[in-house]
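The file entry.txt comes next; it holds compact mmCIF, C-alpha atoms.
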# COMPACT_ATOMS: atom_id res chain seq x y z
CA MET A 299 -20.07 -4.27 -24.11
CA ASN A 300 -23.54 -4.28 -25.62
CA LYS A 301 -26.54 -2.42 -24.20
CA SER A 302 -28.31 -5.60 -23.07
CA ILE A 303 -25.37 -6.71 -20.90
CA GLU A 304 -24.97 -3.21 -19.46
CA TYR A 305 -28.68 -3.15 -18.65
CA HIS A 306 -28.51 -6.50 -16.83
CA ILE A 307 -25.41 -5.46 -14.90
CA CYS A 308 -27.22 -2.29 -13.77
CA ILE A 309 -30.30 -4.29 -12.73
CA ASP A 310 -28.14 -6.80 -10.81
CA PHE A 311 -26.27 -4.00 -9.08
CA PHE A 312 -29.54 -2.29 -8.15
CA LEU A 313 -30.92 -5.53 -6.68
CA ILE A 314 -27.77 -6.09 -4.62
CA ILE A 315 -28.00 -2.57 -3.20
CA LYS A 316 -31.72 -2.96 -2.54
CA CYS A 317 -31.20 -6.27 -0.70
CA THR A 318 -28.34 -4.85 1.33
CA PHE A 319 -30.44 -1.90 2.50
CA ALA A 320 -33.40 -4.16 3.20
CA ASN A 321 -31.19 -6.37 5.36
CA LEU A 322 -29.80 -3.38 7.23
CA LEU A 323 -33.27 -1.98 7.83
CA SER A 324 -34.60 -5.32 9.03
CA MET A 325 -31.61 -5.66 11.40
CA GLY A 326 -32.23 -2.26 12.91
CA THR A 327 -29.56 -0.46 14.87
CA ALA A 328 -30.17 -2.76 17.84
CA ALA A 329 -28.22 -5.48 16.02
CA ILE A 330 -25.12 -3.28 15.80
CA PRO A 331 -23.00 -3.50 18.96
CA ASP A 332 -22.66 -0.30 21.01
CA LEU A 333 -18.90 -0.17 20.49
CA ASN A 334 -19.40 -0.16 16.71
CA LYS A 335 -22.04 2.58 17.04
CA ARG A 336 -19.63 4.69 19.07
CA ILE A 337 -16.96 4.41 16.35
CA CYS A 338 -19.52 5.82 13.90
CA LYS A 339 -20.49 8.53 16.42
CA ILE A 340 -16.85 9.66 16.69
CA ARG A 341 -16.50 9.94 12.93
CA THR A 342 -19.75 11.85 12.48
CA THR A 343 -19.04 14.13 15.46
CA LEU A 344 -15.71 15.03 13.86
CA GLY A 345 -17.53 15.63 10.57
CA LEU A 346 -15.29 13.23 8.68
CA PRO A 347 -16.37 11.08 5.74
CA GLN A 348 -15.47 7.39 6.04
CA ALA A 349 -12.68 7.77 3.49
CA LYS A 350 -10.94 10.54 5.46
CA PHE A 351 -11.50 8.82 8.82
CA SER A 352 -10.07 5.56 7.52
CA SER A 353 -7.16 7.37 5.86
CA ILE A 354 -6.13 9.02 9.13
CA LEU A 355 -6.23 5.60 10.79
CA SER A 356 -4.37 3.99 7.85
CA LEU A 357 -7.25 1.56 7.36
CA SER A 358 -9.45 0.87 4.34
CA SER A 359 -12.81 2.57 3.93
CA SER A 360 -14.47 -0.81 3.55
CA TYR A 361 -13.04 -1.89 6.92
CA ILE A 362 -14.49 1.19 8.64
CA ALA A 363 -17.81 0.67 6.84
CA GLY A 364 -17.83 -2.93 8.10
CA VAL A 365 -17.13 -1.76 11.65
CA GLU A 366 -19.86 0.88 11.53
CA THR A 367 -22.47 -1.55 10.20
CA GLY A 368 -21.54 -4.20 12.77
CA ARG A 369 -20.20 -6.73 10.25
CA ILE A 370 -16.69 -6.36 11.67
CA PRO A 371 -16.21 -6.42 15.45
CA VAL A 372 -14.13 -3.69 17.09
CA ASN A 373 -10.79 -5.09 18.23
CA GLU A 374 -8.25 -3.82 20.76
CA ARG A 375 -5.99 -2.38 18.07
CA LEU A 376 -8.80 -0.27 16.62
CA ILE A 377 -9.77 1.02 20.07
CA LYS A 378 -6.19 2.15 20.77
CA LEU A 379 -5.80 3.62 17.28
CA VAL A 380 -9.03 5.65 17.44
CA CYS A 381 -8.30 6.90 20.96
CA SER A 382 -4.76 8.02 20.14
CA SER A 383 -5.57 9.47 16.71
CA PHE A 384 -8.62 11.48 17.73
CA ASN A 385 -8.06 12.06 21.46
CA VAL A 386 -11.07 9.89 22.33
CA ASN A 387 -11.85 9.00 25.93
CA GLU A 388 -11.26 5.23 26.08
CA SER A 389 -13.89 4.76 28.80
CA TRP A 390 -16.49 6.41 26.60
CA LEU A 391 -15.52 4.28 23.60
CA ARG A 392 -15.56 1.00 25.54
CA TYR A 393 -18.45 1.57 27.96
CA GLY A 394 -20.17 4.83 27.03
CA GLU A 395 -18.97 6.50 30.25
CA GLY A 396 -17.85 10.13 30.38
CA GLY A 397 -17.39 12.47 27.46
CA ILE A 398 -16.42 11.44 23.94
CA PHE A 399 -13.09 13.24 24.00
CA SER A 400 -10.34 13.24 26.62
CA GLU A 401 -9.95 16.40 28.66
CA THR A 402 -6.23 16.73 28.01
CA LEU A 403 -4.33 16.38 24.78
CA PRO A 404 -0.67 15.45 25.01
CA ASP A 405 1.51 17.79 22.94
CA ASP A 406 2.84 15.06 20.65
CA THR A 407 -0.69 13.82 19.88
CA ARG A 408 -1.83 17.36 19.09
CA PHE A 409 1.08 17.76 16.68
CA LYS A 410 0.43 14.37 15.02
CA ASN A 411 -3.25 15.24 14.55
CA LEU A 412 -2.32 18.56 12.98
CA VAL A 413 0.15 16.90 10.61
CA ASN A 414 -2.46 14.30 9.59
CA LEU A 415 -5.03 17.00 8.92
CA VAL A 416 -2.59 19.04 6.81
CA LYS A 417 -1.50 15.94 4.87
CA GLY A 418 -5.12 15.31 3.95
CA LEU A 419 -5.64 18.76 2.47
CA PRO A 420 -5.26 19.43 -1.24
CA PRO A 421 -1.93 21.13 -2.09
CA LYS A 422 -3.50 24.55 -2.70
CA TYR A 423 -5.03 24.52 0.80
CA GLN A 424 -1.74 23.36 2.31
CA ASP A 425 -0.01 26.32 0.64
CA PHE A 426 -2.67 28.69 1.95
CA LEU A 427 -2.30 27.30 5.47
CA PHE A 428 1.49 27.70 5.36
CA ASN A 429 1.11 31.29 4.16
CA VAL A 430 -1.23 32.07 7.06
CA LEU A 431 1.22 30.48 9.51
CA ASP A 432 4.06 32.54 8.04
CA MET A 433 2.00 35.71 8.52
CA LEU A 434 1.22 34.76 12.13
CA LEU A 435 4.89 34.13 12.86
CA LYS A 436 5.85 37.49 11.38
CA MET A 437 3.18 39.23 13.49
CA LYS A 438 4.49 37.47 16.58
CA ASP A 439 8.01 38.73 15.91
CA LYS A 440 6.86 42.39 15.74

Show me, as structure tokens, the structure contained in the file I just sent.
Amino acid sequence: MNKSIEYHICIDFFLIIKCTFANLLSMGTAAIPDLNKRICKIRTTLGLPQAKFSSILSLSSSYIAGVETGRIPVNERLIKLVCSSFNVNESWLRYGEGGIFSETLPDDTRFKNLVNLVKGLPPKYQDFLFNVLDMLLKMKDK
């Protein structure tokens, strides 16, 4: 590819990004439905990047980005998935009532969340975590 074509592709890409941000700024957050805002709030409260959040939910990053920007409406399946995967209070997610997270965490959900978190770690961190768990189990047996 010659330099002139590369230059024009870069300029076009820049203009697309600029227009997208301009549209988002002109929309303001008022244009994004509250339910969509709360999905974003959950992710940021958990300190997860969109890629990790979407991976845990088995959804694409672009889908989550669309939800967070208000382009994609929140559906019933997503509500149930977010609530079960992250122990989110469904009343808070739907209506903004109560706390973000449920008071109780069923044992099987806690285990599933732990497994998902470990799966998302790089192998060297997984090994480290297993070594720490082994040490804790040995201490418990003493």

Which is closer to Lys339 (chain A) than all the others in A:Leu412, A:Ile398, A:Leu357, A:Cys381, using all atoms listed in the file?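 Of A:Leu412, A:Ile398, A:Leu357, A:Cys381, the one nearest Lys339 (chain A), counting all atoms listed in the file, is A:Ile398.
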
For Gly364 (chain A), which residue among A:Met433, A:Leu346, A:Ile337, A:Leu379 is the nearest when counting all atoms listed in the file? A:Ile337

Shortest interatomic distance to Val416 (chain A) - which of A:Leu344, A:Ile377, A:Ile354, A:Val386, counting all atoms listed in the file: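 For Val416 (chain A), the nearest of the given residues is A:Ile354.
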
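Between CA of Asn385 (chain A) and CA of Ser352 (chain A) lies a distance of 15.5 Å.
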
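The point (-21.2, 7.2, 25.4) has these residues within 12 Å of it, counting all atoms listed in the file: Asp332, Leu333, Asn334, Lys335, Arg336, Ile337, Cys338, Lys339, Ile340, Val386, Asn387, Glu388, Ser389, Trp390, Leu391, Arg392, Tyr393, Gly394, Glu395, Gly396, Gly397, Ile398 and Phe399 of chain A.
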
Can you tell me how far CA of Ala349 (chain A) sits from CA of Leu431 (chain A), in Å to one decimal?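 Going from CA of Ala349 (chain A) over to CA of Leu431 (chain A) covers 27.3 Å.
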
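With CA of Asn411 (chain A) on one side and CA of Phe428 (chain A) on the other, the separation reads 16.2 Å.
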